[in-house]
Every structure is written in C-alpha cells, then in structure tokens.
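Student: Questions regarding the structure given below will be posed in turn.
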Amino acid sequence: MKKRVLSLITAVVLVAGIVTGCGKSGASGDKVIKVAASETPHSEILSKAKDILSKQGYDLQVTVFEDYVQPNNVVEQGEFDANYFQHINYLDSFNEENGTHLVVADNGKVHYEPFGIYPGTKSALSDLADGDSIAVPNDTTNEARALLLLEQEGFITLKEGAGVTATVNDIADNPKNLEIVEVEAAQVPKQLPSVCFGVINGNYALEAGLNVGKDALAIEAASGEAIQQYVNIIAVKEGNQSKDKIKALTDVLKSAEIVSYIKDNYEGAVVPYEGD
C-alpha cells in the first residue's frame, strides 16, 4: 500500500513538473520578440531598440534578410513575430498576390525613406536630354513611387488617377522620350554607371553609400502623395497586432529616444513618422 501511495505521489509530482515547465516556456516565449528586417536602416534602428526593450524584460532577436519576400513568408508561417522592412503599399500588394494575412501592428508606422533621383553618367538634372535613360525599381509599388517623383520634377506626366499604382504603361506624356530602365530595386544603384540617373529607395541608397540629403538631385516632397503612402511599418500576422510584446516593440520604436536616433544618424535619408 505504501508503495502504491509513493508511486501515486511521484506521478503527481512529475505531472506537476511537466505543467510547470510548459508554463515557464510559454512565459519565456512571450518575452522573446523575433523580427525579420532589412539591414539598412531597419536592423540598425532595431539594434538601438534592443537595449531599451531589454530593460523592460524583452529579448529582441533580429535576423537580417536581403530580399523582400522571405521576411513576409516567415511571419506568415509563424516563424517570426514581426518584420520591419516594407511600407504599407508593398504589404497590401504582397497579401493580394500571395494570399498572406499580414497587417500593420498597432502604432506600427515607424519611418519613411524619401526617394531620390541620383546622378549616373550625368551630374545635373538640367543636363537631361532627349532619349536619356533613367533606372527605376521594377516592383509594383516602388516603380509607381519613382514615376511620381519623375512627374514631380516635370520629366513625365502620368495618366490621371494613376497615382500609387502607376506603371510605365501609365506614362501619358514623355516629352524627352526618356528610356525608363526597370530593374530590381536593390540593383538600381549598380546601374548608375550605365544610366543618366537612377531613382533609388532610401535604404538601398544608404547601402550604396548615398545620402538623400547630400547626394540626391531631387527628393520627394514631404507633402506629396507618395510620402503618405510609403511609411515603413512593423508588420505582423493578422490577430497579433495588439499582442503585448508587439505593443512594447512599437512603443519603443516610436519613443523620443529612437526618434532622436533616426534624426541624428540618417541626416534626412530616414525620417521618423510622427503621425498615428
């Protein structure tokens, strides 16, 4: 009888240990924030946030990706809690094309990176001549943004209403018969030696050693349609946008300390989004 009682007590203790262990694992997971990010400036900004989050008991783990597809896939699949590399228009386009279920985290609009026109074989926009070539990103949303900047500068006119969905097919007027060279966004800086000008994303300009405030010949107007549509965000899988650890992450990224870091470190190439 004593042996049976002892065995029963042992079994109860083992079960309790398993349940307790599971509980601890869950709690630990709630304090780990896994984020997929582009290298510049996203992972750099996150590195500044890491120390602040650590003081709050969170372990921010950042993995850098070099493409615009896997960061969304790993969040959709639940391998990562969030990503930080894209603007909302790209996110919407990605969801539509891939059937994913990603959304902007609450308070998750962090910064924008002004597009710029950069010198290639020519150093001044006033030198633009008939038939000159301009490289632009070839993905749906970034190409529209580049074309809007070219329209802002008076080089082309887009069809009415084309806006942030514009493609080269929406060019209504091209008085200088410009050749629009469409390449993958990350490759535009590499095209500069062979085109007259290039329209480059802020992060890829930084990676190429270019600064929109110093090197760009023209940049997007802060009040323009494109800026409002292309804020870089923290994206999560639908249903996770209000989780405590996601809220902790976005609160830190919108904090005065991170806002100051962005302003001081990027000199206008990256601009904190101070709206809702």
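As shown in the structure tokens, the chain order sets the letters A, B, ...; within each chain, residues go from 1, and ligands are also counted from 1 in the order they appear.
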If we count only C-alpha atoms and set the cut-off at 10 Å, which residues sit around Pro272 (chain A), ignoring sequence neighbours fewer than 5 positions away in its own chain? Please answer as a PyMOL selection string.
Tutor: chain A and resi 109-113+231-232+253-254+258-263
Student: Output N, CA and C atoms for every residue in the selection just made, as a compact mmCIF listing (two decimals), in the first residue's frame.
Tutor:
```
# COMPACT_ATOMS: atom_id res chain seq x y z
N LYS A 109 3.54 52.36 -37.55
CA LYS A 109 4.13 53.18 -38.61
C LYS A 109 5.35 53.90 -38.05
N VAL A 110 6.53 53.53 -38.51
CA VAL A 110 7.76 53.95 -37.85
C VAL A 110 8.50 55.09 -38.57
N HIS A 111 8.76 54.94 -39.85
CA HIS A 111 9.54 55.96 -40.55
C HIS A 111 9.26 55.91 -42.05
N TYR A 112 9.75 56.91 -42.76
CA TYR A 112 9.73 56.83 -44.22
C TYR A 112 11.11 57.22 -44.73
N GLU A 113 11.39 56.74 -45.94
CA GLU A 113 12.68 56.97 -46.56
C GLU A 113 12.44 57.67 -47.89
N VAL A 231 4.99 54.83 -45.76
CA VAL A 231 5.58 54.78 -44.42
C VAL A 231 6.01 53.34 -44.13
N ASN A 232 7.22 53.16 -43.62
CA ASN A 232 7.73 51.84 -43.27
C ASN A 232 7.12 51.39 -41.95
N LEU A 253 9.91 51.87 -30.67
CA LEU A 253 10.31 52.42 -31.96
C LEU A 253 9.73 53.81 -32.22
N LYS A 254 8.67 54.16 -31.51
CA LYS A 254 8.08 55.50 -31.65
C LYS A 254 8.50 56.42 -30.50
N ILE A 258 14.35 56.84 -29.86
CA ILE A 258 14.55 56.30 -31.20
C ILE A 258 14.32 57.38 -32.26
N VAL A 259 13.35 58.25 -32.05
CA VAL A 259 13.12 59.36 -32.98
C VAL A 259 14.38 60.22 -33.09
N SER A 260 15.00 60.52 -31.95
CA SER A 260 16.24 61.31 -31.96
C SER A 260 17.36 60.58 -32.67
N TYR A 261 17.46 59.27 -32.44
CA TYR A 261 18.50 58.48 -33.10
C TYR A 261 18.35 58.54 -34.62
N ILE A 262 17.11 58.39 -35.10
CA ILE A 262 16.87 58.41 -36.54
C ILE A 262 17.24 59.76 -37.13
N LYS A 263 16.81 60.83 -36.48
CA LYS A 263 17.09 62.17 -36.99
C LYS A 263 18.59 62.47 -37.01
```
Student: May I have the residues within 6 Å of region 58-61 of chain A as a VMD selection string, using only C-alpha atoms and disregarding those fewer than 5 positions away in the same chain?
Tutor: chain A and resid 31 to 34 50 53
Student: Based on the selection just made, write C-alpha atoms of those residues as a CSV table (one decimal), in the first residue's frame.
Tutor:
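Writing done, so here's selection_11.csv:
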```csv
chain,number,residue,atom,x,y,z
A,31,LYS,CA,9.3,37.9,-23.8
A,32,VAL,CA,11.2,37.0,-27.0
A,33,ILE,CA,10.5,39.2,-30.0
A,34,LYS,CA,11.7,37.7,-33.3
A,50,LYS,CA,17.2,46.2,-28.3
A,53,LEU,CA,13.5,46.6,-24.6
```
Student: To one decimal in Å, tell me the separation between CA of Gly213 (chain A) and CA of Ser133 (chain A).
Tutor: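 Taking CA of Gly213 (chain A) as the start and CA of Ser133 (chain A) as the end point, the length is 23.1 Å.
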Student: DSSP on the backbone, then: every residue of region 86-240 of chain A marked alpha helix (DSSP H), written as number ranges by chain.
Tutor: A: 88-98, 140-152, 188-191, 202-207, 225-229
Student: Please identify all polymer residues within 12 Å of Lys190 (chain A), counting only C-alpha atoms, omitting same-chain residues fewer than 6 positions from it, and present them as a list in words.
Tutor: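 The filter keeps Tyr118, Pro119, Gly120, Ala135, Val136, Pro137, Val183, Glu184, Phe197, Gly198, Val199, Ile200, Tyr204, Ala205, Glu207, Ala208, Gly209 and Leu210 of chain A.
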Student: Write out as a list in words the set of residues from region 193-255 of chain A that DSSP, computed on the backbone, places in strand (DSSP E or B).
Tutor: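 So the strand (DSSP E or B) residues in region 193-255 of chain A would be Phe197, Gly198, Val199, Ile200, Ala218, Ile219, Asn232, Ile233, Ile234, Ala235, Val236 and Lys237 of chain A.
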Student: Could you take the residues named above and write them with N, CA and C atoms, as a PDB file, in the first residue's frame?
Tutor:
```
ATOM      1  N   PHE A 197      20.543  58.776 -64.876  1.00  0.00           N
ATOM      2  CA  PHE A 197      20.106  58.987 -63.497  1.00  0.00           C
ATOM      3  C   PHE A 197      19.437  57.719 -62.984  1.00  0.00           C
ATOM      4  N   GLY A 198      19.346  57.612 -61.665  1.00  0.00           N
ATOM      5  CA  GLY A 198      18.642  56.497 -61.053  1.00  0.00           C
ATOM      6  C   GLY A 198      17.740  56.993 -59.946  1.00  0.00           C
ATOM      7  N   VAL A 199      16.551  56.403 -59.842  1.00  0.00           N
ATOM      8  CA  VAL A 199      15.620  56.734 -58.766  1.00  0.00           C
ATOM      9  C   VAL A 199      15.697  55.593 -57.758  1.00  0.00           C
ATOM     10  N   ILE A 200      16.154  55.913 -56.534  1.00  0.00           N
ATOM     11  CA  ILE A 200      16.559  54.868 -55.596  1.00  0.00           C
ATOM     12  C   ILE A 200      15.803  54.966 -54.276  1.00  0.00           C
ATOM     13  N   ALA A 218      17.146  65.401 -56.543  1.00  0.00           N
ATOM     14  CA  ALA A 218      15.760  65.767 -56.245  1.00  0.00           C
ATOM     15  C   ALA A 218      15.206  64.707 -55.305  1.00  0.00           C
ATOM     16  N   ILE A 219      14.305  65.096 -54.413  1.00  0.00           N
ATOM     17  CA  ILE A 219      13.681  64.148 -53.492  1.00  0.00           C
ATOM     18  C   ILE A 219      12.179  64.380 -53.472  1.00  0.00           C
ATOM     19  N   ASN A 232       7.224  53.163 -43.623  1.00  0.00           N
ATOM     20  CA  ASN A 232       7.732  51.837 -43.272  1.00  0.00           C
ATOM     21  C   ASN A 232       7.116  51.389 -41.947  1.00  0.00           C
ATOM     22  N   ILE A 233       6.772  50.131 -41.882  1.00  0.00           N
ATOM     23  CA  ILE A 233       5.921  49.620 -40.799  1.00  0.00           C
ATOM     24  C   ILE A 233       6.483  48.377 -40.112  1.00  0.00           C
ATOM     25  N   ILE A 234       5.941  48.129 -38.933  1.00  0.00           N
ATOM     26  CA  ILE A 234       6.077  46.824 -38.292  1.00  0.00           C
ATOM     27  C   ILE A 234       4.877  46.008 -38.730  1.00  0.00           C
ATOM     28  N   ALA A 235       5.128  44.898 -39.414  1.00  0.00           N
ATOM     29  CA  ALA A 235       4.057  44.032 -39.898  1.00  0.00           C
ATOM     30  C   ALA A 235       4.018  42.734 -39.103  1.00  0.00           C
ATOM     31  N   VAL A 236       2.824  42.250 -38.837  1.00  0.00           N
ATOM     32  CA  VAL A 236       2.616  41.011 -38.087  1.00  0.00           C
ATOM     33  C   VAL A 236       1.530  40.199 -38.777  1.00  0.00           C
ATOM     34  N   LYS A 237       1.369  38.968 -38.348  1.00  0.00           N
ATOM     35  CA  LYS A 237       0.263  38.170 -38.869  1.00  0.00           C
ATOM     36  C   LYS A 237      -1.032  38.650 -38.242  1.00  0.00           C
TER      37      LYS A 237
END
```
Student: Extract, using only C-alpha atoms, all DNA, RNA and protein residues at most 9 Å from Thr100 (chain A), discarding same-chain residues fewer than 2 positions from it, and format them as number ranges by chain.
Tutor: A: 72-73, 76, 94-98, 102, 237
Student: Just the selected residues (C-alpha atoms), exported as a PDB file, in the first residue's frame, please.
Tutor:
```pdb
ATOM      1  CA  ASN A  72       6.851  38.250 -45.093  1.00  0.00           C
ATOM      2  CA  ASN A  73       6.835  34.480 -45.546  1.00  0.00           C
ATOM      3  CA  GLU A  76       3.022  34.392 -42.217  1.00  0.00           C
ATOM      4  CA  PHE A  94       2.120  41.189 -51.266  1.00  0.00           C
ATOM      5  CA  ASN A  95      -1.021  39.984 -49.464  1.00  0.00           C
ATOM      6  CA  GLU A  96      -3.064  40.249 -52.640  1.00  0.00           C
ATOM      7  CA  GLU A  97      -0.537  38.425 -54.787  1.00  0.00           C
ATOM      8  CA  ASN A  98       0.365  35.688 -52.296  1.00  0.00           C
ATOM      9  CA  LEU A 102      -0.247  40.262 -42.752  1.00  0.00           C
ATOM     10  CA  LYS A 237       0.263  38.170 -38.869  1.00  0.00           C
TER      11      LYS A 237
END
```
Student: Which residue out of A:Val74, A:Val212, A:Lys48, A:Glu225 has the minimum interatomic distance to Glu257 (chain A) when only C-alpha atoms are used?
Tutor: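 Distance minimum relative to Glu257 (chain A) lands on A:Lys48.
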Student: Which residues are close to region 238-250 of chain A, i.e. within 6 Å by only C-alpha atoms, leaving aside same-chain residues fewer than 6 positions away? Reply as a PyMOL selection string.
Tutor: chain A and resi 101-103+105-106+108
Student: Could you tell me how far CA of Val35 (chain A) lies from CA of Phe85 (chain A), in Å and to one decimal?
Tutor: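 Distance reported for this atom pair: 9.9 Å.
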Student: Give me, please, the distance in Å between CA of Val168 (chain A) and CA of Ser123 (chain A), quoted to one decimal.
Tutor: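 CA of Ser123 (chain A) lies 24.1 Å from CA of Val168 (chain A).
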Student: With 12 Å as the cut-off and only C-alpha atoms counted, what is the closest atom pair between each nearby residue of region 97-131 of chain A and region 153-159 of chain A? Distances in Å to one decimal, ordered by chain and number, as JSON lines.
Tutor:
```
{"residue": "A:Gly116", "atom": "CA", "partner": "A:Glu153", "partner_atom": "CA", "distance": 11.1}
{"residue": "A:Ile117", "atom": "CA", "partner": "A:Glu153", "partner_atom": "CA", "distance": 9.8}
{"residue": "A:Leu125", "atom": "CA", "partner": "A:Glu153", "partner_atom": "CA", "distance": 9.2}
{"residue": "A:Ser126", "atom": "CA", "partner": "A:Phe155", "partner_atom": "CA", "distance": 10.8}
{"residue": "A:Leu128", "atom": "CA", "partner": "A:Phe155", "partner_atom": "CA", "distance": 9.0}
{"residue": "A:Ala129", "atom": "CA", "partner": "A:Phe155", "partner_atom": "CA", "distance": 10.5}
{"residue": "A:Asp130", "atom": "CA", "partner": "A:Phe155", "partner_atom": "CA", "distance": 10.8}
{"residue": "A:Gly131", "atom": "CA", "partner": "A:Phe155", "partner_atom": "CA", "distance": 11.8}
```
Student: Could those selected residues go to a file with C-alpha atoms, as a PDB file, in the first residue's frame?
Tutor:
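Written output follows (out34.pdb):
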```
ATOM      1  CA  GLY A 116      15.734  60.443 -54.552  1.00  0.00           C
ATOM      2  CA  ILE A 117      16.977  60.931 -58.077  1.00  0.00           C
ATOM      3  CA  LEU A 125      19.060  67.259 -63.903  1.00  0.00           C
ATOM      4  CA  SER A 126      19.314  70.307 -66.133  1.00  0.00           C
ATOM      5  CA  LEU A 128      18.700  65.792 -69.161  1.00  0.00           C
ATOM      6  CA  ALA A 129      18.486  65.349 -72.932  1.00  0.00           C
ATOM      7  CA  ASP A 130      16.247  63.647 -75.442  1.00  0.00           C
ATOM      8  CA  GLY A 131      16.459  59.854 -75.175  1.00  0.00           C
TER       9      GLY A 131
END
```
Student: A:Asp81, A:Asp127, A:Asp30, A:Glu267: which is nearest Thr63 (chain A), counting only C-alpha atoms?
Tutor: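 Going through A:Asp81, A:Asp127, A:Asp30, A:Glu267 one by one, the smallest distance to Thr63 (chain A) is for A:Asp81.
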